[in-house]
$ cat coords-v4.csv   # CSV, C-alpha atoms and all ligand atoms
chain,number,residue,atom,x,y,z
A,158,MET,CA,-36.0,13.5,-31.8
A,159,ASP,CA,-38.8,15.2,-29.9
A,160,GLN,CA,-39.0,18.9,-30.4
A,161,ILE,CA,-37.6,20.8,-27.4
A,162,ASN,CA,-38.2,24.5,-27.2
A,163,PRO,CA,-34.8,26.2,-26.8
A,164,ASN,CA,-36.4,28.6,-24.3
A,165,HIS,CA,-37.3,25.7,-22.0
A,166,PRO,CA,-35.4,26.4,-18.7
A,167,ARG,CA,-34.0,22.9,-18.7
A,168,TYR,CA,-33.2,22.9,-22.4
A,169,GLU,CA,-29.6,21.7,-22.2
A,170,SER,CA,-30.3,19.0,-19.8
A,171,LEU,CA,-33.2,17.8,-21.9
A,172,MET,CA,-31.0,17.8,-25.0
A,173,ILE,CA,-28.5,15.6,-23.3
A,174,ARG,CA,-31.3,13.2,-22.4
A,175,GLU,CA,-32.4,13.2,-26.0
A,176,LYS,CA,-28.9,12.2,-27.2
A,177,LEU,CA,-29.0,9.2,-24.9
A,178,VAL,CA,-32.5,8.2,-25.8
A,179,ARG,CA,-31.5,8.4,-29.5
A,180,GLY,CA,-28.4,6.3,-28.8
A,181,PHE,CA,-30.6,3.8,-27.0
A,182,LYS,CA,-33.1,3.7,-29.9
A,183,ASP,CA,-30.1,3.3,-32.3
A,184,GLY,CA,-29.0,0.3,-30.2
A,185,TYR,CA,-25.7,1.4,-28.8
A,186,VAL,CA,-26.7,2.9,-25.4
A,187,VAL,CA,-27.9,0.3,-23.0
A,188,GLU,CA,-31.0,0.6,-20.7
A,189,GLN,CA,-28.5,0.7,-17.8
A,190,GLY,CA,-26.8,3.7,-19.4
A,191,LEU,CA,-30.1,5.6,-19.1
A,192,ILE,CA,-30.3,4.7,-15.4
A,193,ALA,CA,-26.6,5.7,-14.9
A,194,HIS,CA,-27.3,9.0,-16.5
A,195,GLY,CA,-30.1,9.7,-14.0
A,196,ARG,CA,-27.7,9.1,-11.1
A,197,GLY,CA,-25.3,11.4,-12.8
A,198,GLU,CA,-27.9,14.1,-13.2
A,199,CYS,CA,-28.7,14.0,-9.5
A,200,PHE,CA,-25.0,14.7,-8.6
A,201,ASP,CA,-24.9,17.4,-11.4
A,202,TYR,CA,-27.8,19.2,-9.6
A,203,LEU,CA,-25.8,19.1,-6.3
A,204,ILE,CA,-22.8,20.8,-7.9
A,205,GLY,CA,-25.0,23.3,-9.7
A,206,GLU,CA,-24.6,22.0,-13.2
A,207,GLU,CA,-21.3,23.8,-13.7
A,208,THR,CA,-17.6,22.9,-13.6
A,209,ILE,CA,-16.6,23.6,-10.0
A,210,PRO,CA,-13.1,24.7,-8.9
A,211,PRO,CA,-12.0,21.2,-7.7
A,212,ALA,CA,-12.9,19.7,-11.1
A,213,LEU,CA,-10.8,22.4,-12.7
A,214,LYS,CA,-7.8,21.2,-10.6
A,215,SER,CA,-8.4,17.6,-11.8
A,216,ILE,CA,-8.8,18.8,-15.4
A,217,ARG,CA,-5.4,20.5,-15.1
A,218,ALA,CA,-3.8,17.4,-13.7
A,219,ALA,CA,-5.5,15.2,-16.3
A,220,ALA,CA,-4.2,17.3,-19.2
A,221,ALA,CA,-0.7,17.2,-17.8
A,222,ALA,CA,-0.9,13.4,-17.3
A,223,LEU,CA,-2.2,12.9,-20.9
A,224,ARG,CA,0.6,15.2,-22.2
A,225,LEU,CA,3.3,13.3,-20.3
A,226,ALA,CA,2.0,9.9,-21.2
A,227,LYS,CA,3.8,7.6,-23.6
A,228,HIS,CA,0.8,5.4,-24.4
A,229,PRO,CA,-2.4,7.2,-23.5
A,230,VAL,CA,-5.7,5.5,-24.2
A,231,ILE,CA,-9.3,6.9,-24.1
A,232,SER,CA,-11.8,4.2,-23.3
A,233,VAL,CA,-15.3,4.7,-24.8
A,234,ASN,CA,-18.6,3.2,-23.8
A,235,GLY,CA,-22.2,3.7,-25.0
A,236,ASN,CA,-23.0,6.8,-23.0
A,237,THR,CA,-19.7,8.5,-24.0
A,238,ALA,CA,-20.3,7.7,-27.7
A,239,ALA,CA,-23.8,9.3,-27.5
A,240,LEU,CA,-22.7,12.4,-25.6
A,241,VAL,CA,-19.3,13.5,-26.8
A,242,PRO,CA,-18.0,11.5,-29.8
A,243,GLU,CA,-16.6,14.5,-31.5
A,244,GLY,CA,-14.8,15.7,-28.4
A,245,ILE,CA,-13.2,12.3,-27.8
A,246,VAL,CA,-11.8,12.1,-31.3
A,247,LYS,CA,-10.5,15.7,-31.0
A,248,LEU,CA,-8.9,15.1,-27.6
A,249,ALA,CA,-7.3,11.8,-28.8
A,250,LYS,CA,-5.7,13.6,-31.7
A,251,LEU,CA,-4.4,16.4,-29.5
A,252,VAL,CA,-2.6,14.2,-27.0
A,253,ASN,CA,-1.9,11.4,-29.5
A,254,ALA,CA,-4.0,8.9,-27.6
A,255,LYS,CA,-5.5,5.7,-28.9
A,256,ILE,CA,-9.3,5.3,-28.7
A,257,GLU,CA,-10.6,1.9,-27.5
A,258,VAL,CA,-14.2,0.7,-27.3
A,259,ASN,CA,-14.6,-1.1,-24.0
A,260,LEU,CA,-18.1,-2.0,-22.9
A,261,PHE,CA,-19.5,-3.2,-19.6
A,262,HIS,CA,-22.4,-4.8,-21.6
A,263,ARG,CA,-20.4,-6.2,-24.4
A,264,ILE,CA,-22.4,-7.0,-27.5
A,265,ARG,CA,-20.8,-7.2,-30.9
A,266,ASP,CA,-23.5,-5.1,-32.6
A,267,ARG,CA,-23.0,-2.2,-30.0
A,268,GLU,CA,-19.2,-2.4,-30.4
A,269,MET,CA,-19.5,-2.0,-34.2
A,270,LYS,CA,-22.0,0.9,-33.9
A,271,ILE,CA,-19.8,2.8,-31.5
A,272,TYR,CA,-16.8,2.0,-33.7
A,273,ASN,CA,-18.6,3.5,-36.7
A,274,ILE,CA,-19.7,6.6,-34.8
A,275,LEU,CA,-16.1,7.3,-33.8
A,276,ARG,CA,-14.8,6.7,-37.3
A,277,SER,CA,-17.5,9.0,-38.7
A,278,TYR,CA,-16.1,11.8,-36.5
A,279,GLY,CA,-12.6,11.2,-38.0
A,280,ALA,CA,-11.0,8.6,-35.7
A,281,GLU,CA,-8.4,7.0,-37.8
A,282,GLU,CA,-8.0,3.9,-35.7
A,283,VAL,CA,-10.4,2.5,-33.1
A,284,PHE,CA,-9.1,-0.3,-30.9
A,285,GLY,CA,-11.0,-3.0,-29.0
A,286,VAL,CA,-13.2,-4.1,-31.8
A,287,ASN,CA,-11.3,-5.8,-34.6
A,288,ASP,CA,-7.9,-6.2,-33.1
A,289,ASP,CA,-6.3,-8.6,-30.6
A,290,LEU,CA,-7.9,-8.7,-27.2
A,291,ILE,CA,-6.4,-9.9,-24.0
A,292,THR,CA,-8.1,-10.7,-20.7
A,293,ILE,CA,-7.2,-9.0,-17.5
A,294,ASP,CA,-8.0,-11.7,-14.9
A,295,GLU,CA,-8.7,-9.3,-12.1
A,296,ILE,CA,-11.7,-7.6,-13.7
A,297,PHE,CA,-15.0,-9.4,-13.1
A,298,SER,CA,-17.1,-8.0,-16.0
A,299,GLU,CA,-16.9,-8.0,-19.8
A,300,ARG,CA,-14.6,-5.0,-19.4
A,301,ARG,CA,-11.9,-7.6,-18.6
A,302,LYS,CA,-11.3,-7.9,-22.4
A,303,VAL,CA,-9.0,-5.2,-23.5
A,304,SER,CA,-7.0,-4.4,-26.6
A,305,LEU,CA,-3.4,-5.6,-26.6
A,306,LYS,CA,-2.3,-2.5,-28.4
A,307,GLY,CA,-4.7,-0.3,-26.5
A,308,ILE,CA,-5.6,-0.4,-22.8
A,309,TYR,CA,-3.3,-3.4,-22.1
A,310,SER,CA,-0.2,-1.4,-23.2
A,311,ALA,CA,-1.3,2.0,-21.9
A,312,ASP,CA,0.4,3.9,-19.2
A,313,VAL,CA,-2.5,6.5,-18.8
A,314,VAL,CA,-6.1,5.5,-19.4
A,315,LEU,CA,-9.1,8.0,-19.5
A,316,VAL,CA,-12.2,6.2,-18.3
A,317,PRO,CA,-15.4,8.2,-18.5
A,318,LEU,CA,-18.5,6.9,-16.7
A,319,GLU,CA,-16.8,3.8,-15.4
A,320,ASP,CA,-17.4,1.1,-12.9
A,321,GLY,CA,-15.0,0.9,-9.9
A,322,ASP,CA,-14.0,-2.7,-10.6
A,323,ARG,CA,-11.9,-1.9,-13.6
A,324,THR,CA,-10.5,1.3,-12.2
A,325,GLU,CA,-9.1,-0.6,-9.3
A,326,ALA,CA,-7.7,-3.3,-11.5
A,327,LEU,CA,-6.1,-0.9,-13.9
A,328,ARG,CA,-4.5,0.9,-10.9
A,329,ARG,CA,-3.1,-2.4,-9.6
A,330,LEU,CA,-1.6,-2.9,-13.0
A,331,GLY,CA,0.3,0.3,-12.4
A,332,LYS,CA,-1.6,2.5,-14.8
A,333,THR,CA,-2.6,6.1,-14.2
A,334,VAL,CA,-6.4,6.2,-14.4
A,335,ILE,CA,-8.3,9.4,-15.1
A,336,ALA,CA,-12.0,9.1,-14.3
A,337,ILE,CA,-14.8,11.4,-15.3
A,338,ASP,CA,-17.6,10.7,-12.9
A,339,LEU,CA,-20.2,13.1,-11.4
A,340,ASN,CA,-20.3,11.0,-8.2
A,341,PRO,CA,-17.5,12.0,-5.9
A,342,ILE,CA,-18.0,9.0,-3.6
A,343,SER,CA,-18.2,6.3,-6.2
A,344,ARG,CA,-15.6,3.5,-6.1
A,345,THR,CA,-14.3,4.8,-9.4
A,346,SER,CA,-13.8,8.3,-8.2
A,347,ARG,CA,-12.0,7.1,-5.1
A,348,ALA,CA,-9.9,4.5,-6.9
A,349,ALA,CA,-8.8,6.7,-9.8
A,350,SER,CA,-5.5,8.6,-9.8
A,351,ILE,CA,-7.3,11.7,-11.1
A,352,SER,CA,-11.1,12.1,-10.8
A,353,ILE,CA,-12.9,14.8,-12.7
A,354,VAL,CA,-16.2,15.3,-10.9
A,355,ASP,CA,-18.0,17.0,-13.7
A,356,ASN,CA,-20.5,16.2,-16.4
A,357,ILE,CA,-18.7,14.6,-19.4
A,358,VAL,CA,-20.4,17.1,-21.7
A,359,ARG,CA,-18.5,19.9,-19.9
A,360,ALA,CA,-15.4,18.0,-18.9
A,361,ILE,CA,-14.2,16.9,-22.4
A,362,PRO,CA,-14.3,20.4,-24.0
A,363,LYS,CA,-12.6,21.9,-20.9
A,364,LEU,CA,-9.9,19.1,-21.1
A,365,ILE,CA,-9.3,20.0,-24.7
A,366,GLU,CA,-9.0,23.7,-23.8
A,367,GLU,CA,-6.6,22.9,-21.0
A,368,VAL,CA,-4.4,20.6,-23.2
A,369,ASN,CA,-4.1,23.6,-25.6
A,370,ILE,CA,-3.2,26.0,-22.8
A,371,GLN,CA,-0.5,23.6,-21.5
A,372,LYS,CA,1.1,23.3,-25.0
A,373,THR,CA,3.7,25.9,-24.0
A,374,LEU,CA,4.6,24.1,-20.7
A,375,SER,CA,7.8,22.1,-20.4
A,376,THR,CA,7.9,18.5,-19.2
A,377,GLU,CA,9.2,19.7,-15.9
A,378,GLU,CA,6.3,22.1,-15.5
A,379,LEU,CA,3.8,19.4,-16.4
A,380,ARG,CA,5.4,17.0,-13.8
A,381,LYS,CA,5.1,19.8,-11.2
A,382,ILE,CA,1.4,20.0,-11.9
A,383,LEU,CA,1.1,16.3,-11.2
A,384,GLU,CA,3.2,16.3,-8.1
A,385,GLY,CA,1.0,19.0,-6.6
A,386,TYR,CA,-2.1,17.1,-7.2
A,387,SER,CA,-3.9,15.0,-4.6
A,388,ASN,CA,-7.0,13.1,-5.6
A,389,GLU,CA,-8.1,12.6,-2.1
A,390,GLU,CA,-7.9,16.3,-1.4
A,391,VAL,CA,-9.9,17.2,-4.5
A,392,LEU,CA,-12.7,14.7,-3.6
A,393,LYS,CA,-12.9,16.2,-0.1
A,394,GLU,CA,-13.1,19.7,-1.7
A,395,VAL,CA,-16.0,18.4,-3.9
A,396,ILE,CA,-17.9,17.1,-0.9
A,397,LYS,CA,-17.3,20.3,1.0
A,398,TYR,CA,-18.6,22.2,-2.0
A,399,ILE,CA,-21.8,20.2,-2.0
A,400,LEU,CA,-22.2,20.5,1.7
A,401,ASN,CA,-21.8,24.3,1.6
A,402,LYS,CA,-24.3,24.5,-1.3
A,403,LEU,CA,-26.9,22.5,0.6
A,404,HIS,CA,-26.3,24.5,3.7
A,405,THR,CA,-26.8,27.8,1.8
A,406,LEU,CA,-29.9,26.3,0.2
A,407,SER,CA,-31.4,25.2,3.5
A,408,LYS,CA,-30.8,28.7,5.0
A,409,ASP,CA,-32.4,30.3,2.0
A,410,LEU,CA,-35.4,28.0,2.4
A,411,ASN,CA,-35.4,28.7,6.1
A,412,LEU,CA,-35.1,25.0,6.8
A,413,LEU,CA,-32.5,25.4,9.6
A,414,LYS,CA,-33.8,27.1,12.6
A,501,LIG,O1,-21.9,1.2,-22.5
A,501,LIG,P1,-21.6,0.2,-21.4
A,501,LIG,O2,-22.1,-1.2,-21.7
A,501,LIG,O3,-20.1,0.2,-21.1
A,501,LIG,O4,-22.3,0.7,-20.0
A,501,LIG,C1,-22.1,2.0,-19.6
A,501,LIG,C2,-22.7,2.2,-18.2
A,501,LIG,C3,-22.7,3.7,-17.9
A,501,LIG,C4,-24.1,1.6,-18.1
A,501,LIG,C5,-21.8,1.4,-17.2
A,501,LIG,O5,-20.5,1.8,-17.2
A,501,LIG,C6,-22.3,1.5,-15.7
A,501,LIG,O6,-23.2,0.8,-15.3
A,501,LIG,O7,-21.8,2.5,-15.0
A,501,LIG,P2,-22.2,2.9,-13.5
A,501,LIG,O8,-21.5,1.9,-12.6
A,501,LIG,O9,-23.6,3.1,-13.4
A,501,LIG,O10,-21.4,4.2,-13.3
A,501,LIG,C7,-21.6,5.3,-14.1
A,501,LIG,C8,-21.2,6.6,-13.3
A,501,LIG,O11,-21.2,7.7,-14.2
A,501,LIG,C9,-22.1,7.0,-12.1
A,501,LIG,O12,-21.3,7.2,-11.0
A,501,LIG,C10,-22.8,8.2,-12.6
A,501,LIG,O13,-23.0,9.2,-11.6
A,501,LIG,C11,-21.8,8.8,-13.6
A,501,LIG,N1,-22.4,9.6,-14.7
A,501,LIG,C12,-23.5,9.4,-15.3
A,501,LIG,N2,-23.7,10.3,-16.3
A,501,LIG,C13,-22.6,11.1,-16.3
A,501,LIG,C14,-21.8,10.6,-15.3
A,501,LIG,N3,-20.6,11.2,-15.0
A,501,LIG,C15,-20.2,12.3,-15.8
A,501,LIG,N4,-21.0,12.7,-16.8
A,501,LIG,C16,-22.2,12.2,-17.1
A,501,LIG,N5,-23.0,12.7,-18.1

$ encode --input "coords-v4.csv" --output "structure tokens"
Amino acid sequence: MDQINPNHPRYESLMIREKLVRGFKDGYVVEQGLIAHGRGECFDYLIGEETIPPALKSIRAAAAALRLAKHPVISVNGNTAALVPEGIVKLAKLVNAKIEVNLFHRIRDREMKIYNILRSYGAEEVFGVNDDLITIDEIFSERRKVSLKGIYSADVVLVPLEDGDRTEALRRLGKTVIAIDLNPISRTSRAASISIVDNIVRAIPKLIEEVNIQKTLSTEELRKILEGYSNEEVLKEVIKYILNKLHTLSKDLNLLK
């Protein structure tokens, strides 16, 4: 890894890039994953590279949904494996979720590498690689192959950095879909039941924290959190947040006369 000076003003952002580049060189992050990250970075700039209030609402709802779920599953792709492998394993253990490797660009070698990374962080079982797969007809990418015991049987699926196609299909199958996507206007964000518009590197630790906070809540209280949640409203709040930020910035720069 290139040496990055911790005093560099963009140190954290550069370190995230390094993790992806290393994942790419190690053969489990795809080129498209690097491009997708660039798009994510742009939206991260617009929200100020911090977890904003509407994202916290979604994190609260996501934690409740995961706690209430009977068969929660966390779907892992190349970028997720590069950025937050430890957090994924920790979260899965906390909410008793299965972990499934599910790739847009499905290559056996990548699947195995991601499987091994998750295992190295303590995942006892990782689905989608060596177990029975089933095809969901409505999905038009390699993501259509899902594990019979994993995503296929899930009631709640967490899908970080996803494409809209599968989110829509999983919703049609009656599943609760939690997305983590920095783009509030992506098809994924709009189709998901709960969209966390935040960088995955902040969202996963915050989700873990929230699950721990909610440990003392009853089923009834968890249900109430979900009932009071509207994804549409949250996405509108994100967009308003970005607009306000741009407005303030334009005033600061004296762009609006
Ligand atoms: O590993 P694979 O083969 O499954 O492929 C993974 C990628 C990411 C290439 C694949 O899922 C893909 O093409 O995704 P998209 O359609 O480009 O969507 C990725 C979304 O994630 C975009 O809306 C980005 O804004 C968003 N995103 C990128 N980086 C982050 C992010 N969201 C949260 N945190 C990030 N760090």

$ closest_residue --input "coords-v4.csv" --among "A:Phe261, A:Tyr168, A:Phe181, A:Tyr386" --to "Leu318 (chain A)" --atoms "all atoms listed in the file"
A:Phe261

$ residues_near_ligand --input "coords-v4.csv" --ligand "ligand LIG 501 (chain A)" --cutoff "6 Å" --atoms "only C-alpha atoms and all ligand atoms" --output "PyMOL selection string"
chain A and resi 186+189-190+193-194+196-197+234-236+260-263+318-320+337-340+343+355-357

$ write_last_selection --input "coords-v4.csv" --atoms "C-alpha atoms" --output "compact mmCIF listing (two decimals), in the coordinates of the input"
# COMPACT_ATOMS: atom_id res chain seq x y z
CA VAL A 186 -26.70 2.90 -25.40
CA GLN A 189 -28.50 0.70 -17.80
CA GLY A 190 -26.80 3.70 -19.40
CA ALA A 193 -26.60 5.70 -14.90
CA HIS A 194 -27.30 9.00 -16.50
CA ARG A 196 -27.70 9.10 -11.10
CA GLY A 197 -25.30 11.40 -12.80
CA ASN A 234 -18.60 3.20 -23.80
CA GLY A 235 -22.20 3.70 -25.00
CA ASN A 236 -23.00 6.80 -23.00
CA LEU A 260 -18.10 -2.00 -22.90
CA PHE A 261 -19.50 -3.20 -19.60
CA HIS A 262 -22.40 -4.80 -21.60
CA ARG A 263 -20.40 -6.20 -24.40
CA LEU A 318 -18.50 6.90 -16.70
CA GLU A 319 -16.80 3.80 -15.40
CA ASP A 320 -17.40 1.10 -12.90
CA ILE A 337 -14.80 11.40 -15.30
CA ASP A 338 -17.60 10.70 -12.90
CA LEU A 339 -20.20 13.10 -11.40
CA ASN A 340 -20.30 11.00 -8.20
CA SER A 343 -18.20 6.30 -6.20
CA ASP A 355 -18.00 17.00 -13.70
CA ASN A 356 -20.50 16.20 -16.40
CA ILE A 357 -18.70 14.60 -19.40

$ atom_distance --input "coords-v4.csv" --atom1 "CA of Arg300 (chain A)" --atom2 "CA of Asp312 (chain A)"
17.4 Å

$ closest_residue --input "coords-v4.csv" --among "A:Lys214, A:Arg267, A:Arg301, A:Arg167" --to "Asp183 (chain A)" --atoms "only C-alpha atoms"
A:Arg267

$ closest_residue --input "coords-v4.csv" --among "A:Val246, A:Ala326, A:Val286, A:Val241" --to "Arg265 (chain A)" --atoms "all atoms listed in the file"
A:Val286

$ residues_around --input "coords-v4.csv" --residues "Thr373 (chain A)" --least-positions-apart "5" --cutoff "12 Å" --atoms "all atoms listed in the file" --output "PyMOL selection string"
chain A and resi 221+224+367-368+378-379

$ residues_around --input "coords-v4.csv" --residues "His228 (chain A)" --least-positions-apart "2" --cutoff "7 Å" --atoms "all atoms listed in the file" --output "ChimeraX atom specification"
/A:226,230,254,310-313

$ residues_around --input "coords-v4.csv" --residues "region 387-403 of chain A" --least-positions-apart "3" --cutoff "12 Å" --atoms "only C-alpha atoms" --output "PyMOL selection string"
chain A and resi 199-206+208-219+333-336+338-355+382-384+406-413

$ residues_around --input "coords-v4.csv" --residues "Ala239 (chain A)" --least-positions-apart "6" --cutoff "6 Å" --atoms "all atoms listed in the file" --output "list in words"
Lys176, Leu177 and Gly180 of chain A

$ atom_distance --input "coords-v4.csv" --atom1 "CA of Arg179 (chain A)" --atom2 "CA of Lys302 (chain A)"
26.9 Å

$ atom_distance --input "coords-v4.csv" --atom1 "CA of Glu169 (chain A)" --atom2 "CA of Pro242 (chain A)"
17.2 Å

$ build_atoms --input "coords-v4.csv" --residues "region 260-290 of chain A" --atoms "N, CA and C atoms" --output "short mmCIF file (atom, residue, chain, number, x, y, z; two decimals), keeping the file's coordinate frame"
data_model
loop_
_atom_site.label_atom_id
_atom_site.label_comp_id
_atom_site.auth_asym_id
_atom_site.auth_seq_id
_atom_site.Cartn_x
_atom_site.Cartn_y
_atom_site.Cartn_z
N LEU A 260 -16.73 -2.04 -23.39
CA LEU A 260 -18.10 -2.00 -22.90
C LEU A 260 -18.31 -2.90 -21.68
N PHE A 261 -19.13 -2.41 -20.77
CA PHE A 261 -19.50 -3.20 -19.60
C PHE A 261 -20.49 -4.31 -20.14
N HIS A 262 -21.44 -3.88 -20.97
CA HIS A 262 -22.40 -4.80 -21.60
C HIS A 262 -21.93 -5.05 -23.00
N ARG A 263 -21.05 -6.02 -23.12
CA ARG A 263 -20.40 -6.20 -24.40
C ARG A 263 -21.21 -6.99 -25.39
N ILE A 264 -21.64 -6.31 -26.43
CA ILE A 264 -22.40 -7.00 -27.50
C ILE A 264 -21.77 -6.53 -28.80
N ARG A 265 -21.53 -7.46 -29.67
CA ARG A 265 -20.80 -7.20 -30.90
C ARG A 265 -21.45 -6.03 -31.71
N ASP A 266 -22.77 -6.07 -31.80
CA ASP A 266 -23.50 -5.10 -32.60
C ASP A 266 -23.25 -3.65 -32.00
N ARG A 267 -23.25 -3.55 -30.67
CA ARG A 267 -23.00 -2.20 -30.00
C ARG A 267 -21.58 -1.78 -30.31
N GLU A 268 -20.64 -2.72 -30.18
CA GLU A 268 -19.20 -2.40 -30.40
C GLU A 268 -19.07 -1.78 -31.83
N MET A 269 -19.68 -2.44 -32.78
CA MET A 269 -19.50 -2.00 -34.20
C MET A 269 -20.18 -0.64 -34.40
N LYS A 270 -21.33 -0.44 -33.76
CA LYS A 270 -22.00 0.90 -33.90
C LYS A 270 -21.16 1.99 -33.32
N ILE A 271 -20.59 1.74 -32.17
CA ILE A 271 -19.80 2.80 -31.50
C ILE A 271 -18.49 3.00 -32.35
N TYR A 272 -17.94 1.91 -32.84
CA TYR A 272 -16.80 2.00 -33.70
C TYR A 272 -17.09 2.91 -34.91
N ASN A 273 -18.22 2.67 -35.54
CA ASN A 273 -18.60 3.50 -36.70
C ASN A 273 -18.85 4.93 -36.40
N ILE A 274 -19.43 5.18 -35.24
CA ILE A 274 -19.70 6.60 -34.80
C ILE A 274 -18.32 7.30 -34.71
N LEU A 275 -17.39 6.67 -34.02
CA LEU A 275 -16.10 7.30 -33.80
C LEU A 275 -15.36 7.53 -35.11
N ARG A 276 -15.46 6.55 -35.98
CA ARG A 276 -14.80 6.70 -37.30
C ARG A 276 -15.50 7.83 -38.09
N SER A 277 -16.81 7.98 -37.93
CA SER A 277 -17.50 9.00 -38.70
C SER A 277 -17.10 10.42 -38.21
N TYR A 278 -16.56 10.50 -36.99
CA TYR A 278 -16.10 11.80 -36.50
C TYR A 278 -14.56 11.97 -36.75
N GLY A 279 -14.00 11.05 -37.51
CA GLY A 279 -12.60 11.20 -38.00
C GLY A 279 -11.57 10.43 -37.22
N ALA A 280 -11.98 9.49 -36.35
CA ALA A 280 -11.00 8.60 -35.70
C ALA A 280 -10.34 7.74 -36.74
N GLU A 281 -9.00 7.77 -36.81
CA GLU A 281 -8.40 7.00 -37.80
C GLU A 281 -8.34 5.48 -37.46
N GLU A 282 -8.07 5.24 -36.19
CA GLU A 282 -8.00 3.90 -35.70
C GLU A 282 -8.84 3.77 -34.44
N VAL A 283 -9.60 2.72 -34.30
CA VAL A 283 -10.40 2.50 -33.10
C VAL A 283 -10.05 1.10 -32.59
N PHE A 284 -9.53 0.96 -31.39
CA PHE A 284 -9.10 -0.30 -30.90
C PHE A 284 -10.25 -1.02 -30.10
N GLY A 285 -10.03 -2.30 -29.80
CA GLY A 285 -11.00 -3.00 -29.00
C GLY A 285 -12.11 -3.71 -29.72
N VAL A 286 -12.12 -3.57 -31.03
CA VAL A 286 -13.20 -4.10 -31.80
C VAL A 286 -12.75 -5.19 -32.80
N ASN A 287 -11.76 -4.82 -33.61
CA ASN A 287 -11.30 -5.80 -34.60
C ASN A 287 -9.87 -6.23 -34.43
N ASP A 288 -9.29 -5.87 -33.29
CA ASP A 288 -7.90 -6.20 -33.10
C ASP A 288 -7.74 -7.26 -31.97
N ASP A 289 -6.51 -7.59 -31.62
CA ASP A 289 -6.30 -8.60 -30.60
C ASP A 289 -6.66 -8.18 -29.22
N LEU A 290 -7.46 -9.00 -28.58
CA LEU A 290 -7.90 -8.70 -27.20
C LEU A 290 -7.18 -9.60 -26.23
#
